[in-house]
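A short worksheet on the structure shown next.
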Amino acid sequence: MTPRISPRLFALFARYGERYISRGFHAVRLSRIERPDTQALRGRPLIVYLNHPSWWDPMICLLLATRLFPDRRHYAPIDAAALTKYRFFEKLGFFGVEPGTVQGARRFLEVGKEIVEQPDSVLWITAAGRFTDPRERPVRLRPGLGHLVSRMKEGFVLPLALEYPFWEERFPEVLARFGRATTIEETSMRADDWTAVLGSWLESAQDELAAEALARDPSRFELLLGGRAGVGGTYDLWRRFKARLRGERFQSAHGVKP
């Protein structure tokens with residue numbers, strides 16, 4: 001059964017998540033390339049599938065969900081054992097599955113199919129099913145996503161690459177980059193073929209994000225959320241001292257510091 005989302009609880013948790021993210025990162029940045037056309041996706045089911053480099057991934061997806069798709073309902077699978085400890089997650093759109101079991105695979109397909117039959121839904125999936133380094137190649141996805149997509153009559157699939165690199169500041173960056181949104185109607189394939197193709201699309205998005213991460217150029221990204229600035233310690237003190245000598249005010253990545 002599809003979880004019943006509480007809009008009030010979802011909104012409260014989303015605001016809490018933003019504050020929580022801002023305390024742990026310097027900034028959340030979305031690549032300006034291949035930014036999803038939300039108007040073109042409107043009124044159609046959507047699956048966003050992503051790599052899984054960090055514990056932070058669900059929180060970042062929640063931020064992306066509220067910023068890019070505020071009018072949709074959002075769902076995601078979660079380990080059934082974890083859901084028994086945090087029942088309120090069901091009201092946020094999570095549904096439990098038992099990973100690595102036939103029962104878990106069956107439940108994922110049953111609930112997933114219900115979700116993608118709703119035109120205003122988004123299903124978020126860490127498709128590899130485990131934590132993976134963003135540079136790990138080739139990208140291999142679990143078969144469940146391919147089986148679900150092969151059963152869809154309409155909708156879009158959208159790859160999402162995430163990284164958490166350190167740049168110039170004390171706290172890491174959150175970098176996100178979407179791939180191209182593809183309609184299910186464009187391609188008719190078997191589940192195994194879908195799994196392979198979806199994996200290649202996600203790998204391409206990860207490769208493109210890796211190149212942007214190496215460039216360390218904030219102008220390539222849209223700033224979604226500013227977090228903690230300053231590297232602290234001797235280096236930050238030196239920057240402040242140089243600014244004083246020049247008669248300038250200390251400028252951080254997110255504004256002037258007194």
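We label chains A, B, ... in the order they appear in the structure tokens, count residues from 1 in each chain, and number ligands from 1 in the order shown.
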How close does each residue of region 90-163 of chain A get to region 70-73 of chain A, giving the shortest atom pair and distance in Å to one decimal for every residue with an atom at most 7 Å away, counting only C-alpha atoms, sorted by chain and residue number, as CSV?
residue,atom,partner,partner_atom,distance
A:Asp120,CA,A:Arg72,CA,5.1
A:Ser121,CA,A:Arg73,CA,4.9
A:Val122,CA,A:Arg73,CA,6.2
Find the residues around Arg220 (chain A) up to 9 Å (only C-alpha atoms counted), leave out those fewer than 5 positions away in its own chain, and share them as a VMD selection string. chain A and resid 29 to 33 212
Taking C-alpha atoms for each residue, export the selection above as a PDB file, in the first residue's frame.
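Output saved as selection.pdb:
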ATOM      1  CA  ARG A  29      24.989  23.391  -5.542  1.00  0.00           C
ATOM      2  CA  LEU A  30      23.029  22.157  -8.578  1.00  0.00           C
ATOM      3  CA  SER A  31      24.724  21.984 -11.978  1.00  0.00           C
ATOM      4  CA  ARG A  32      23.291  24.456 -14.466  1.00  0.00           C
ATOM      5  CA  ILE A  33      23.647  21.836 -17.222  1.00  0.00           C
ATOM      6  CA  GLU A 212      32.686  19.851 -12.720  1.00  0.00           C
TER       7      GLU A 212
END
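When only C-alpha atoms are used to measure the gap to Gly146 (chain A), the shortest distance among A:Leu158, A:Leu68, A:Ala127, A:Leu50 belongs to A:Ala127.
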Find the residues around Ala76 (chain A) up to 7 Å (only C-alpha atoms counted), leave out those fewer than 3 positions away in its own chain, and share them as an NGL selection string. :A and (93-95 or 123-125)
Using only C-alpha atoms, find each residue of region 90-165 of chain A with at least one atom at most 12 Å away from an atom of region 39-48 of chain A; report its shortest atom-to-atom pair and that distance in Å (one decimal), sort the rows by chain and rising residue number, and return the result as JSON lines.
{"residue": "A:Gly112", "atom": "CA", "partner": "A:Ile47", "partner_atom": "CA", "distance": 9.7}
{"residue": "A:Lys113", "atom": "CA", "partner": "A:Pro45", "partner_atom": "CA", "distance": 10.4}
{"residue": "A:Glu114", "atom": "CA", "partner": "A:Pro45", "partner_atom": "CA", "distance": 10.6}
{"residue": "A:Ile115", "atom": "CA", "partner": "A:Pro45", "partner_atom": "CA", "distance": 8.0}
{"residue": "A:Val116", "atom": "CA", "partner": "A:Pro45", "partner_atom": "CA", "distance": 5.2}
{"residue": "A:Glu117", "atom": "CA", "partner": "A:Pro45", "partner_atom": "CA", "distance": 6.7}
{"residue": "A:Gln118", "atom": "CA", "partner": "A:Pro45", "partner_atom": "CA", "distance": 6.1}
{"residue": "A:Pro119", "atom": "CA", "partner": "A:Arg44", "partner_atom": "CA", "distance": 4.5}
{"residue": "A:Asp120", "atom": "CA", "partner": "A:Gly43", "partner_atom": "CA", "distance": 5.7}
{"residue": "A:Ser121", "atom": "CA", "partner": "A:Pro45", "partner_atom": "CA", "distance": 5.4}
{"residue": "A:Val122", "atom": "CA", "partner": "A:Leu46", "partner_atom": "CA", "distance": 4.8}
{"residue": "A:Leu123", "atom": "CA", "partner": "A:Ile47", "partner_atom": "CA", "distance": 4.7}
{"residue": "A:Trp124", "atom": "CA", "partner": "A:Val48", "partner_atom": "CA", "distance": 4.9}
{"residue": "A:Ile125", "atom": "CA", "partner": "A:Val48", "partner_atom": "CA", "distance": 6.3}
{"residue": "A:Thr126", "atom": "CA", "partner": "A:Val48", "partner_atom": "CA", "distance": 8.7}
{"residue": "A:Ala127", "atom": "CA", "partner": "A:Val48", "partner_atom": "CA", "distance": 9.4}
{"residue": "A:Leu145", "atom": "CA", "partner": "A:Ile47", "partner_atom": "CA", "distance": 9.3}
{"residue": "A:Gly146", "atom": "CA", "partner": "A:Ile47", "partner_atom": "CA", "distance": 11.3}
{"residue": "A:Leu148", "atom": "CA", "partner": "A:Ile47", "partner_atom": "CA", "distance": 9.9}
{"residue": "A:Val149", "atom": "CA", "partner": "A:Ile47", "partner_atom": "CA", "distance": 8.7}
{"residue": "A:Met152", "atom": "CA", "partner": "A:Pro45", "partner_atom": "CA", "distance": 9.4}
{"residue": "A:Lys153", "atom": "CA", "partner": "A:Pro45", "partner_atom": "CA", "distance": 9.9}
{"residue": "A:Glu154", "atom": "CA", "partner": "A:Pro45", "partner_atom": "CA", "distance": 7.2}
{"residue": "A:Gly155", "atom": "CA", "partner": "A:Pro45", "partner_atom": "CA", "distance": 4.6}
{"residue": "A:Phe156", "atom": "CA", "partner": "A:Leu46", "partner_atom": "CA", "distance": 4.8}
{"residue": "A:Val157", "atom": "CA", "partner": "A:Ile47", "partner_atom": "CA", "distance": 4.8}
{"residue": "A:Leu158", "atom": "CA", "partner": "A:Val48", "partner_atom": "CA", "distance": 4.8}
{"residue": "A:Pro159", "atom": "CA", "partner": "A:Val48", "partner_atom": "CA", "distance": 5.8}
{"residue": "A:Leu160", "atom": "CA", "partner": "A:Val48", "partner_atom": "CA", "distance": 6.7}
{"residue": "A:Ala161", "atom": "CA", "partner": "A:Val48", "partner_atom": "CA", "distance": 10.2}
C-alpha atoms of the current selection, written as a PDB file, in the first residue's frame:
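Saved result, selection.pdb, follows:
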ATOM      1  CA  GLY A 112       6.432   1.216  -6.816  1.00  0.00           C
ATOM      2  CA  LYS A 113       3.844   0.429  -9.498  1.00  0.00           C
ATOM      3  CA  GLU A 114       1.113   2.063  -7.412  1.00  0.00           C
ATOM      4  CA  ILE A 115       3.246   5.168  -7.026  1.00  0.00           C
ATOM      5  CA  VAL A 116       4.212   5.563 -10.686  1.00  0.00           C
ATOM      6  CA  GLU A 117       0.572   5.262 -11.721  1.00  0.00           C
ATOM      7  CA  GLN A 118      -0.074   8.579  -9.957  1.00  0.00           C
ATOM      8  CA  PRO A 119       0.620  11.501 -12.319  1.00  0.00           C
ATOM      9  CA  ASP A 120       1.813  13.832  -9.539  1.00  0.00           C
ATOM     10  CA  SER A 121       4.226  11.373  -7.928  1.00  0.00           C
ATOM     11  CA  VAL A 122       8.017  11.197  -7.752  1.00  0.00           C
ATOM     12  CA  LEU A 123       9.773   7.994  -6.708  1.00  0.00           C
ATOM     13  CA  TRP A 124      13.357   8.507  -5.480  1.00  0.00           C
ATOM     14  CA  ILE A 125      15.626   5.447  -5.644  1.00  0.00           C
ATOM     15  CA  THR A 126      19.278   4.834  -4.732  1.00  0.00           C
ATOM     16  CA  ALA A 127      19.421   2.318  -7.528  1.00  0.00           C
ATOM     17  CA  LEU A 145      14.483  -0.469 -11.050  1.00  0.00           C
ATOM     18  CA  GLY A 146      14.676  -2.028 -14.517  1.00  0.00           C
ATOM     19  CA  LEU A 148       9.675  -1.428 -12.447  1.00  0.00           C
ATOM     20  CA  VAL A 149      10.377   0.780 -15.468  1.00  0.00           C
ATOM     21  CA  MET A 152       5.366   1.470 -16.610  1.00  0.00           C
ATOM     22  CA  LYS A 153       2.944   2.649 -19.269  1.00  0.00           C
ATOM     23  CA  GLU A 154       4.050   6.287 -19.168  1.00  0.00           C
ATOM     24  CA  GLY A 155       6.233   8.694 -17.261  1.00  0.00           C
ATOM     25  CA  PHE A 156       9.826   9.849 -17.057  1.00  0.00           C
ATOM     26  CA  VAL A 157      13.079   8.502 -15.651  1.00  0.00           C
ATOM     27  CA  LEU A 158      15.699  10.996 -14.509  1.00  0.00           C
ATOM     28  CA  PRO A 159      19.275  10.146 -13.393  1.00  0.00           C
ATOM     29  CA  LEU A 160      20.837  12.155 -10.570  1.00  0.00           C
ATOM     30  CA  ALA A 161      24.533  12.233  -9.627  1.00  0.00           C
TER      31      ALA A 161
END
Using DSSP assignments from the backbone, pull out every residue in region 42-235 of chain A that falls under strand (DSSP E) and give it to me as a PyMOL selection string. chain A and resi 46-50+73-79+94-97+121-126+156-163+173-178+182-183+221-226
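By chain and then residue number, the residues within 12 Å of Asp79 (chain A) are Leu83, Thr84, Lys85, Tyr86, Arg87, Phe89, Glu90, Phe94, Phe95, Gly96, Val97, Glu98, Pro99, Gly100, Thr101, Gly104, Ala105, Arg107, Phe108, Thr126, Gly129 and Arg130 of chain A, counting only C-alpha atoms and disregarding those fewer than 4 positions away in sequence.
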Considering only C-alpha atoms, can you say which of A:Ala128, A:Ile21, A:Ala196, A:Leu214 comes closest to Phe166 (chain A)? A:Leu214
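Between Phe178 (chain A) and the residues A:Arg8, A:Arg35, A:His74, A:Arg19, the shortest atom-to-atom distance, using only C-alpha atoms, involves A:Arg35.
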Mind pulling up the distance from CA of Glu136 (chain A) to CA of Asp37 (chain A)? 28.7 Å
Using only C-alpha atoms, which residues sit within 7 Å of Arg190 (chain A) once same-chain residues fewer than 3 positions away are excluded, as number ranges by chain? A: 150, 193-194
So how far away is CA of Arg4 (chain A) from CA of Lys91 (chain A), in Å? 5.8 Å
Per-residue DSSP, region 25-251 of chain A, filtered to alpha helix (DSSP H), as number ranges by chain: A: 38-41, 57-68, 80-85, 102-116, 143-150, 191-215, 233-245
Nearby residues (only C-alpha atoms) at most 7 Å from Gly199 (chain A), same-chain spacing under 2 positions excluded, as a compact mmCIF listing (two decimals) with N, CA and C atoms, in the first residue's frame:
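So part_36.txt came out as:
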# COMPACT_ATOMS: atom_id res chain seq x y z
N VAL A 139 29.14 1.64 -13.31
CA VAL A 139 27.99 1.80 -12.42
C VAL A 139 27.06 0.61 -12.64
N ARG A 140 26.79 -0.10 -11.57
CA ARG A 140 25.91 -1.28 -11.65
C ARG A 140 24.69 -1.05 -10.77
N LEU A 141 23.52 -1.23 -11.36
CA LEU A 141 22.27 -1.03 -10.64
C LEU A 141 21.65 -2.38 -10.28
N THR A 195 17.81 -2.04 -17.15
CA THR A 195 18.80 -1.92 -16.07
C THR A 195 20.15 -1.47 -16.62
N ALA A 196 20.56 -2.07 -17.73
CA ALA A 196 21.84 -1.70 -18.33
C ALA A 196 21.84 -0.26 -18.84
N VAL A 197 20.77 0.15 -19.51
CA VAL A 197 20.69 1.49 -20.08
C VAL A 197 20.62 2.55 -18.99
N TRP A 201 23.24 5.69 -18.25
CA TRP A 201 22.83 7.10 -18.14
C TRP A 201 23.30 7.70 -16.83
N LEU A 202 23.18 6.95 -15.75
CA LEU A 202 23.64 7.45 -14.46
C LEU A 202 25.16 7.62 -14.45
N GLU A 203 25.87 6.67 -15.06
CA GLU A 203 27.33 6.77 -15.13
C GLU A 203 27.76 8.02 -15.88
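Using only C-alpha atoms for every distance, the candidate list A:Tyr164, A:Tyr20, A:Phe171, A:Trp55 yields A:Tyr164 as the residue closest to Leu209 (chain A).
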